[in-house]
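Source file: final20.cif; contents: mmCIF, C-alpha atoms and all ligand atoms.
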```cif
data_start
#
loop_
_atom_site.label_atom_id
_atom_site.label_comp_id
_atom_site.auth_asym_id
_atom_site.auth_seq_id
_atom_site.Cartn_x
_atom_site.Cartn_y
_atom_site.Cartn_z
CA MET V 1 36.93 24.92 -36.01
CA ALA V 2 38.54 26.12 -32.77
CA ALA V 3 42.10 27.26 -33.25
CA ALA V 4 42.65 25.30 -36.48
CA LEU V 5 45.48 26.53 -38.69
CA ALA V 6 44.09 27.03 -42.16
CA PHE V 7 45.87 28.34 -45.22
CA SER V 8 44.54 29.12 -48.63
CA ASP V 9 46.01 29.97 -52.02
CA LEU V 10 49.49 30.51 -50.58
CA THR V 11 52.03 31.62 -53.12
CA VAL V 12 55.67 32.43 -52.46
CA ARG V 13 58.06 33.78 -55.07
CA LYS V 14 61.80 33.86 -54.60
CA GLY V 15 64.66 34.21 -57.01
CA GLY V 16 62.19 35.15 -59.76
CA ARG V 17 60.12 31.96 -59.58
CA ALA V 18 57.19 30.53 -57.64
CA ILE V 19 58.49 28.18 -54.95
CA VAL V 20 55.09 27.69 -53.32
CA CYS V 21 52.29 27.60 -55.87
CA GLY V 22 48.79 28.41 -54.61
CA ILE V 23 48.43 25.72 -51.95
CA SER V 24 45.61 25.37 -49.42
CA GLY V 25 45.09 23.18 -46.37
CA HIS V 26 43.52 22.82 -42.98
CA LEU V 27 45.50 21.56 -39.98
CA LYS V 28 43.98 20.38 -36.75
CA ARG V 29 45.13 20.52 -33.17
CA GLY V 30 45.57 17.24 -31.32
CA ALA V 31 47.30 15.71 -34.33
CA VAL V 32 50.76 15.39 -35.83
CA THR V 33 51.02 16.65 -39.40
CA ALA V 34 54.18 15.63 -41.21
CA ILE V 35 55.30 17.68 -44.21
CA LEU V 36 57.32 15.52 -46.57
CA GLY V 37 58.87 16.05 -49.97
CA PRO V 38 62.19 16.17 -51.79
CA ASN V 39 64.81 18.88 -51.25
CA GLY V 40 63.60 22.21 -52.55
CA ALA V 41 59.92 21.16 -52.55
CA GLY V 42 58.93 24.22 -50.50
CA LYS V 43 58.46 22.55 -47.09
CA SER V 44 60.45 25.11 -45.07
CA SER V 45 58.86 27.95 -47.00
CA LEU V 46 55.40 26.68 -46.07
CA LEU V 47 56.39 26.23 -42.41
CA HIS V 48 57.85 29.76 -42.24
CA ILE V 49 54.59 31.19 -43.49
CA LEU V 50 52.49 29.12 -41.08
CA ALA V 51 54.75 30.35 -38.24
CA GLY V 52 54.27 33.94 -39.36
CA VAL V 53 58.01 34.57 -39.74
CA GLU V 54 57.65 35.07 -43.51
CA GLN V 55 54.86 36.61 -45.53
CA PRO V 56 53.47 34.95 -48.66
CA ARG V 57 53.27 36.83 -51.94
CA SER V 58 49.53 36.07 -51.83
CA GLY V 59 47.13 33.94 -49.86
CA THR V 60 45.98 33.82 -46.26
CA VAL V 61 46.74 31.99 -43.03
CA LEU V 62 44.02 31.85 -40.39
CA LEU V 63 44.63 30.79 -36.79
CA GLY V 64 41.32 29.93 -35.16
CA GLY V 65 39.63 31.96 -37.90
CA ALA V 66 41.73 35.12 -37.38
CA PRO V 67 44.32 36.24 -39.94
CA LEU V 68 47.77 35.48 -38.53
CA GLY V 69 48.90 39.02 -39.29
CA THR V 70 46.32 40.48 -36.90
CA LEU V 71 47.89 38.81 -33.84
CA SER V 72 50.38 40.78 -31.75
CA ALA V 73 53.95 39.46 -31.76
CA GLN V 74 53.50 38.34 -28.15
CA GLU V 75 50.27 36.47 -28.84
CA ARG V 76 51.82 34.81 -31.86
CA ALA V 77 54.86 33.79 -29.79
CA ARG V 78 52.59 32.36 -27.10
CA ARG V 79 50.39 30.42 -29.49
CA ILE V 80 52.91 29.29 -32.10
CA GLY V 81 56.25 27.74 -31.21
CA PHE V 82 58.61 27.61 -34.18
CA LEU V 83 61.76 25.53 -34.37
CA PRO V 84 63.74 26.48 -37.49
CA GLN V 85 65.86 24.05 -39.47
CA LYS V 86 69.14 25.79 -38.69
CA GLY V 87 68.97 26.65 -35.02
CA GLU V 88 71.80 28.94 -34.03
CA VAL V 89 72.74 30.71 -30.83
CA HIS V 90 75.19 33.58 -30.76
CA TRP V 91 74.96 34.61 -27.11
CA ASN V 92 76.93 33.27 -24.19
CA LEU V 93 73.78 32.28 -22.31
CA ALA V 94 73.27 29.43 -19.85
CA VAL V 95 71.09 26.67 -21.24
CA LYS V 96 68.36 27.17 -18.61
CA SER V 97 68.20 30.91 -19.41
CA LEU V 98 67.95 30.14 -23.11
CA VAL V 99 65.10 27.70 -22.47
CA GLY V 100 63.51 30.34 -20.21
CA LEU V 101 63.25 32.61 -23.26
CA GLY V 102 60.60 30.17 -24.48
CA ARG V 103 58.33 31.62 -21.77
CA MET V 104 58.48 35.16 -23.17
CA GLY V 105 55.07 34.85 -24.76
CA HIS V 106 53.70 34.25 -21.25
CA SER V 107 55.97 36.41 -19.10
CA ALA V 108 55.95 39.55 -21.33
CA GLY V 109 59.40 40.61 -20.15
CA ARG V 110 58.82 40.28 -16.39
CA SER V 111 60.96 37.85 -14.43
CA LEU V 112 59.89 34.23 -14.60
CA SER V 113 57.09 33.11 -12.29
CA GLN V 114 57.07 29.78 -10.45
CA GLU V 115 54.88 28.41 -13.24
CA ASP V 116 57.41 29.61 -15.82
CA GLU V 117 60.28 28.02 -13.87
CA ALA V 118 58.37 24.73 -13.62
CA ALA V 119 57.74 24.76 -17.36
CA VAL V 120 61.48 25.29 -18.00
CA VAL V 121 62.44 22.41 -15.69
CA ALA V 122 59.91 20.12 -17.40
CA ALA V 123 61.08 21.10 -20.88
CA LEU V 124 64.75 20.51 -19.99
CA ALA V 125 63.81 17.03 -18.76
CA ALA V 126 61.60 16.32 -21.78
CA THR V 127 64.51 16.68 -24.18
CA ASP V 128 67.13 15.12 -21.88
CA VAL V 129 69.19 18.26 -21.34
CA THR V 130 68.72 18.81 -17.58
CA HIS V 131 72.38 17.93 -17.03
CA LEU V 132 73.35 20.79 -19.36
CA SER V 133 71.28 23.46 -17.53
CA ASP V 134 74.25 25.54 -16.34
CA ARG V 135 76.41 25.12 -19.44
CA SER V 136 76.87 27.95 -21.92
CA ALA V 137 74.73 27.37 -24.99
CA LEU V 138 77.85 28.19 -27.03
CA SER V 139 79.63 25.11 -25.66
CA LEU V 140 77.07 22.53 -26.81
CA SER V 141 77.42 19.89 -29.49
CA GLY V 142 75.09 20.10 -32.49
CA GLY V 143 72.67 17.48 -31.18
CA GLU V 144 72.71 18.93 -27.66
CA LEU V 145 71.92 22.39 -29.01
CA ALA V 146 69.10 20.97 -31.15
CA ARG V 147 67.54 19.41 -28.05
CA VAL V 148 67.95 22.62 -26.05
CA LEU V 149 66.26 24.64 -28.79
CA LEU V 150 63.39 22.16 -28.84
CA ALA V 151 63.18 22.51 -25.04
CA ARG V 152 62.87 26.30 -25.50
CA VAL V 153 59.85 25.79 -27.75
CA LEU V 154 58.29 23.13 -25.49
CA ALA V 155 58.72 25.42 -22.46
CA GLY V 156 56.29 27.86 -24.06
CA ALA V 157 53.59 25.16 -24.25
CA PRO V 158 52.32 26.62 -27.52
CA GLU V 159 49.02 25.66 -29.12
CA TRP V 160 51.00 24.96 -32.26
CA LEU V 161 54.47 23.48 -32.45
CA LEU V 162 56.04 23.93 -35.88
CA ALA V 163 59.37 22.12 -36.25
CA ASP V 164 61.57 22.04 -39.34
CA GLU V 165 63.61 18.82 -39.49
CA PRO V 166 64.11 18.58 -35.71
CA LEU V 167 65.88 15.20 -35.91
CA GLY V 168 68.70 16.12 -38.31
CA SER V 169 71.55 16.15 -35.81
CA LEU V 170 70.21 13.66 -33.26
CA ASP V 171 71.47 10.15 -32.53
CA PRO V 172 68.94 7.29 -32.95
CA ALA V 173 67.94 7.18 -29.27
CA HIS V 174 67.26 10.91 -29.17
CA GLN V 175 65.50 10.81 -32.55
CA LEU V 176 63.10 8.26 -31.11
CA ALA V 177 62.68 10.22 -27.88
CA VAL V 178 61.91 13.43 -29.79
CA LEU V 179 59.42 11.64 -32.05
CA LYS V 180 57.65 10.31 -28.96
CA ARG V 181 57.68 13.78 -27.41
CA LEU V 182 56.12 15.30 -30.53
CA ALA V 183 53.40 12.63 -30.49
CA MET V 184 52.77 13.25 -26.76
CA THR V 185 52.57 16.99 -27.37
CA ALA V 186 49.85 16.41 -29.96
CA ARG V 187 48.01 13.96 -27.71
CA ALA V 188 48.02 16.66 -25.03
CA GLY V 189 46.08 18.89 -27.45
CA ALA V 190 48.63 20.92 -29.42
CA GLY V 191 48.85 20.96 -33.17
CA VAL V 192 52.24 19.57 -34.19
CA VAL V 193 53.49 20.27 -37.70
CA VAL V 194 56.85 18.78 -38.48
CA VAL V 195 59.01 18.65 -41.59
CA LEU V 196 60.63 15.22 -41.79
CA HIS V 197 62.86 13.48 -44.30
CA ASP V 198 62.58 9.93 -43.02
CA ILE V 199 59.38 8.29 -44.26
CA ASN V 200 59.50 5.80 -41.39
CA HIS V 201 59.67 8.59 -38.84
CA ALA V 202 56.57 10.07 -40.41
CA ALA V 203 54.86 6.66 -40.50
CA ARG V 204 55.64 6.26 -36.82
CA ILE V 205 53.99 9.46 -35.55
CA ALA V 206 52.01 11.27 -38.25
CA ASP V 207 48.24 11.34 -38.24
CA HIS V 208 48.14 13.58 -41.27
CA VAL V 209 50.68 13.97 -44.09
CA VAL V 210 51.22 16.79 -46.54
CA LEU V 211 53.34 15.57 -49.45
CA MET V 212 54.96 18.37 -51.45
CA LYS V 213 56.82 18.56 -54.72
CA ASP V 214 57.88 21.60 -56.76
CA GLY V 215 55.95 24.00 -54.51
CA ALA V 216 52.67 22.12 -54.92
CA MET V 217 50.85 19.58 -52.79
CA LEU V 218 50.96 16.13 -54.33
CA ALA V 219 48.77 14.76 -51.55
CA ASP V 220 47.22 15.93 -48.30
CA GLY V 221 45.35 13.52 -46.06
CA ALA V 222 45.43 10.77 -43.45
CA ALA V 223 48.89 9.25 -43.06
CA GLN V 224 47.81 5.77 -44.19
CA ASP V 225 46.32 7.23 -47.39
CA VAL V 226 49.31 9.43 -48.29
CA LEU V 227 52.15 7.12 -47.27
CA THR V 228 51.81 4.69 -50.14
CA PRO V 229 54.54 3.40 -52.47
CA ASP V 230 52.91 5.08 -55.49
CA LEU V 231 52.56 8.54 -53.96
CA LEU V 232 56.04 8.36 -52.40
CA GLU V 233 57.53 7.38 -55.77
CA ALA V 234 55.72 10.29 -57.42
CA ALA V 235 57.27 12.64 -54.85
CA PHE V 236 60.77 11.25 -54.48
CA SER V 237 61.35 9.36 -57.77
CA VAL V 238 62.42 6.35 -55.70
CA ARG V 239 60.47 3.10 -55.38
CA PHE V 240 59.63 2.17 -51.79
CA ARG V 241 58.69 -1.34 -50.75
CA LEU V 242 56.16 -1.56 -47.95
CA VAL V 243 57.09 -4.12 -45.31
CA ASN V 244 54.81 -5.21 -42.49
CA ASP V 245 57.04 -5.36 -39.44
CA GLY V 246 54.83 -6.97 -36.80
CA GLY V 247 51.93 -4.62 -37.58
CA ARG V 248 54.11 -1.54 -38.14
CA ARG V 249 54.45 -0.26 -41.71
CA LEU V 250 58.06 0.11 -42.79
CA PHE V 251 59.13 1.74 -46.07
CA VAL V 252 62.31 0.41 -47.66
CA ALA V 253 63.80 2.38 -50.57
CA GLU V 254 64.72 0.08 -53.49
N1 LIG V 301 66.02 33.56 -51.12
C1 LIG V 301 65.86 32.65 -52.09
N2 LIG V 301 66.17 32.93 -53.37
C2 LIG V 301 66.01 32.04 -54.36
N3 LIG V 301 65.50 30.79 -54.17
C3 LIG V 301 65.17 30.47 -52.92
C4 LIG V 301 65.33 31.37 -51.82
N4 LIG V 301 64.90 30.75 -50.69
C5 LIG V 301 64.51 29.51 -51.07
N5 LIG V 301 64.67 29.34 -52.40
C6 LIG V 301 64.37 28.14 -53.17
O1 LIG V 301 63.03 27.77 -52.89
C7 LIG V 301 62.90 26.35 -53.00
C8 LIG V 301 62.16 25.86 -51.78
O2 LIG V 301 63.00 26.02 -50.64
P1 LIG V 301 62.61 25.38 -49.24
O3 LIG V 301 63.70 25.71 -48.29
O4 LIG V 301 61.23 25.79 -48.89
O5 LIG V 301 62.63 23.82 -49.60
P2 LIG V 301 62.56 22.54 -48.69
O6 LIG V 301 61.49 21.67 -49.24
O7 LIG V 301 62.43 22.93 -47.26
O8 LIG V 301 63.96 21.87 -48.96
P3 LIG V 301 65.01 20.99 -48.08
O9 LIG V 301 64.43 19.61 -47.97
O10 LIG V 301 66.23 20.99 -48.95
O11 LIG V 301 65.22 21.68 -46.77
C9 LIG V 301 64.30 25.80 -53.16
O12 LIG V 301 64.51 25.45 -54.51
C10 LIG V 301 65.19 26.95 -52.75
O13 LIG V 301 66.44 26.93 -53.45
#
```
The structure given in the file should be rewritten as structure tokens.
Ligand SMILES: Nc1ncnc2c1ncn2[C@@H]1O[C@H](COP(=O)(O)OP(=O)(O)OP(=O)(O)O)[C@@H](O)[C@H]1O
Amino acid sequence: MAAALAFSDLTVRKGGRAIVCGISGHLKRGAVTAILGPNGAGKSSLLHILAGVEQPRSGTVLLGGAPLGTLSAQERARRIGFLPQKGEVHWNLAVKSLVGLGRMGHSAGRSLSQEDEAAVVAALAATDVTHLSDRSALSLSGGELARVLLARVLAGAPEWLLADEPLGSLDPAHQLAVLKRLAMTARAGAGVVVVLHDINHAARIADHVVLMKDGAMLADGAAQDVLTPDLLEAAFSVRFRLVNDGGRRLFVAE
């Protein structure tokens, strides 16, 4: 399948134990995949491997049929946008310049073209940070910085957008706006893979859900098949009641 992200028999060992235990899956573009599971389940570890920023102990990741490791760093940066859980900036860089770095996979070090500049402007607007364009990235609040770092990834218009808990420091209005942006990005043809903690956020945008526990996949399938009270209880050891809220499924922890 064109440009699918497929992984097989992935194993990661850290601290003398397996934290990802031989998992396999197949992710499609044009869809939102939510990775859910309790703390320590291995969600970030899986995302790091899919992004190519960490290597598994064993197993393979194929992007469009090619092993991820065979892509040049520039091609990987152009095709896979990765938003880590703890986004940090240590340079005194203007927000628009920081977001411009998201074009590096396209610009290969040359100065930004008109197309690059247009992509930066659109990405700043998409995450509601246009008004911060000239501010130093070091001066931003946590939620502002999170939105700027998402803008940097969006500016690159990657085939794959891999985001690790992108809503953690956002207020409710911006959480909703970012969820909608992720869904729009998938509808525009990208593969969106997002680690989420809120089941209702996943229910709102996910087409596909990977449910992890103890480094293994408890379930992997269509959102409506995986987001069930029984599977969620098996993952989180909490009972969820399913409420029909005018046609929208809402999960309430009991
Ligand atoms: N360098 C390390 N050494 C030892 N253990 C590690 C190391 N890195 C991660 N782990 C452990 O691996 C497990 C999986 O970590 P990971 O960050 O993938 O979990 P997660 O599902 O993303 O969790 P969270 O929801 O808390 O972010 C955790 O138990 C973590 O403590």
(request) In the coordinates of the file, take the point (71.1, 21.2, -30.0) and a cut-off of 10 Å; then, counting all atoms listed in the file, name each qualifying protein, DNA or RNA residue as a ChimeraX atom specification. (result) /V:87-89,127,129,137,140-151,166-167,169-170
(request) Using all atoms listed in the file, pick whichever of V:Leu47, V:Leu154, V:Met104, V:Ala6 has the shortest atom-to-atom distance to ligand LIG 301 (chain V). (result) V:Leu47
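Our summary of the geometry notes that atom CA of Thr185 of chain V is positioned 24.5 Å from atom P3 of ligand LIG 301 (chain V).
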(request) Please identify the residues whose atoms come within 9 Å of ligand LIG 301 (chain V), using only C-alpha atoms and all ligand atoms, and report them as a VMD selection string. (result) chain V and resid 12 to 20 35 to 48 85 164 to 165 195 to 197 212 to 215
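Going from atom CA of Gly102 of chain V to atom CA of Gln74 of chain V covers 11.4 Å.
Separating atom CA of Gln175 of chain V from atom CA of Ile49 of chain V is a distance of 25.6 Å.
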(message) I'd like the neighbourhood of segment 200-211 of chain V as a ChimeraX atom specification, where a residue qualifies if any of its atoms comes within 10 Å (using all atoms listed in the file), though same-chain residues fewer than 5 positions away should be ignored.
(response) /V:25,27-28,30-38,41,43,167,175-176,179-184,186,192-195,216-227,231-232,234-236,248-252
(message) Please determine, counting all atoms listed in the file, which residue among V:Ser139, V:Ser58, V:Ser72, V:Ser111 has the shortest atom-to-atom distance to Trp91 of chain V.
(response) V:Ser139
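Every protein or nucleic acid residue with an atom no more than 9 Å from Arg135 of chain V, counting only C-alpha atoms and leaving out same-chain residues fewer than 3 positions away, appears here: Leu93, Ala94, Val95, Lys96, His131, Leu132, Leu138, Ser139 and Leu140 of chain V.
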May I have the centre and edge lengths, in Å to one decimal, of an axis-aligned box around the listed atoms of segment 6-19 of chain V with 3 Å added to every side, as lines of an AutoDock Vina configuration file?
```
center_x = 54.4
center_y = 31.1
center_z = -51.0
size_x = 26.6
size_y = 14.1
size_z = 23.6
```
Some atoms are absent from segment 40-54 of chain V, so rebuild N, CA and C atoms and return them as a short mmCIF file (atom, residue, chain, number, x, y, z; two decimals), in the coordinates of the input.
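So the final result, stored in selection_14.cif, reads:
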```cif
data_model
loop_
_atom_site.label_atom_id
_atom_site.label_comp_id
_atom_site.auth_asym_id
_atom_site.auth_seq_id
_atom_site.Cartn_x
_atom_site.Cartn_y
_atom_site.Cartn_z
N GLY V 40 64.04 21.12 -51.69
CA GLY V 40 63.60 22.21 -52.55
C GLY V 40 62.12 22.20 -52.86
N ALA V 41 61.35 21.28 -52.24
CA ALA V 41 59.92 21.16 -52.55
C ALA V 41 59.11 22.35 -52.04
N GLY V 42 59.67 23.08 -51.05
CA GLY V 42 58.93 24.22 -50.50
C GLY V 42 58.45 23.97 -49.08
N LYS V 43 58.93 22.91 -48.43
CA LYS V 43 58.46 22.55 -47.09
C LYS V 43 58.79 23.64 -46.06
N SER V 44 60.06 24.07 -46.04
CA SER V 44 60.45 25.11 -45.07
C SER V 44 59.71 26.40 -45.37
N SER V 45 59.55 26.71 -46.64
CA SER V 45 58.86 27.95 -47.00
C SER V 45 57.44 27.93 -46.45
N LEU V 46 56.77 26.79 -46.59
CA LEU V 46 55.40 26.68 -46.07
C LEU V 46 55.41 26.84 -44.55
N LEU V 47 56.35 26.17 -43.89
CA LEU V 47 56.39 26.23 -42.41
C LEU V 47 56.65 27.66 -41.94
N HIS V 48 57.54 28.37 -42.62
CA HIS V 48 57.85 29.76 -42.24
C HIS V 48 56.60 30.64 -42.32
N ILE V 49 55.80 30.39 -43.33
CA ILE V 49 54.59 31.19 -43.49
C ILE V 49 53.57 30.84 -42.42
N LEU V 50 53.44 29.53 -42.12
CA LEU V 50 52.49 29.12 -41.08
C LEU V 50 52.91 29.67 -39.71
N ALA V 51 54.24 29.81 -39.52
CA ALA V 51 54.75 30.35 -38.24
C ALA V 51 54.64 31.87 -38.19
N GLY V 52 54.37 32.48 -39.32
CA GLY V 52 54.27 33.94 -39.36
C GLY V 52 55.61 34.65 -39.42
N VAL V 53 56.69 33.91 -39.68
CA VAL V 53 58.01 34.57 -39.74
C VAL V 53 58.33 35.02 -41.17
N GLU V 54 57.52 34.59 -42.13
CA GLU V 54 57.65 35.07 -43.51
C GLU V 54 56.26 35.34 -44.04
#
```
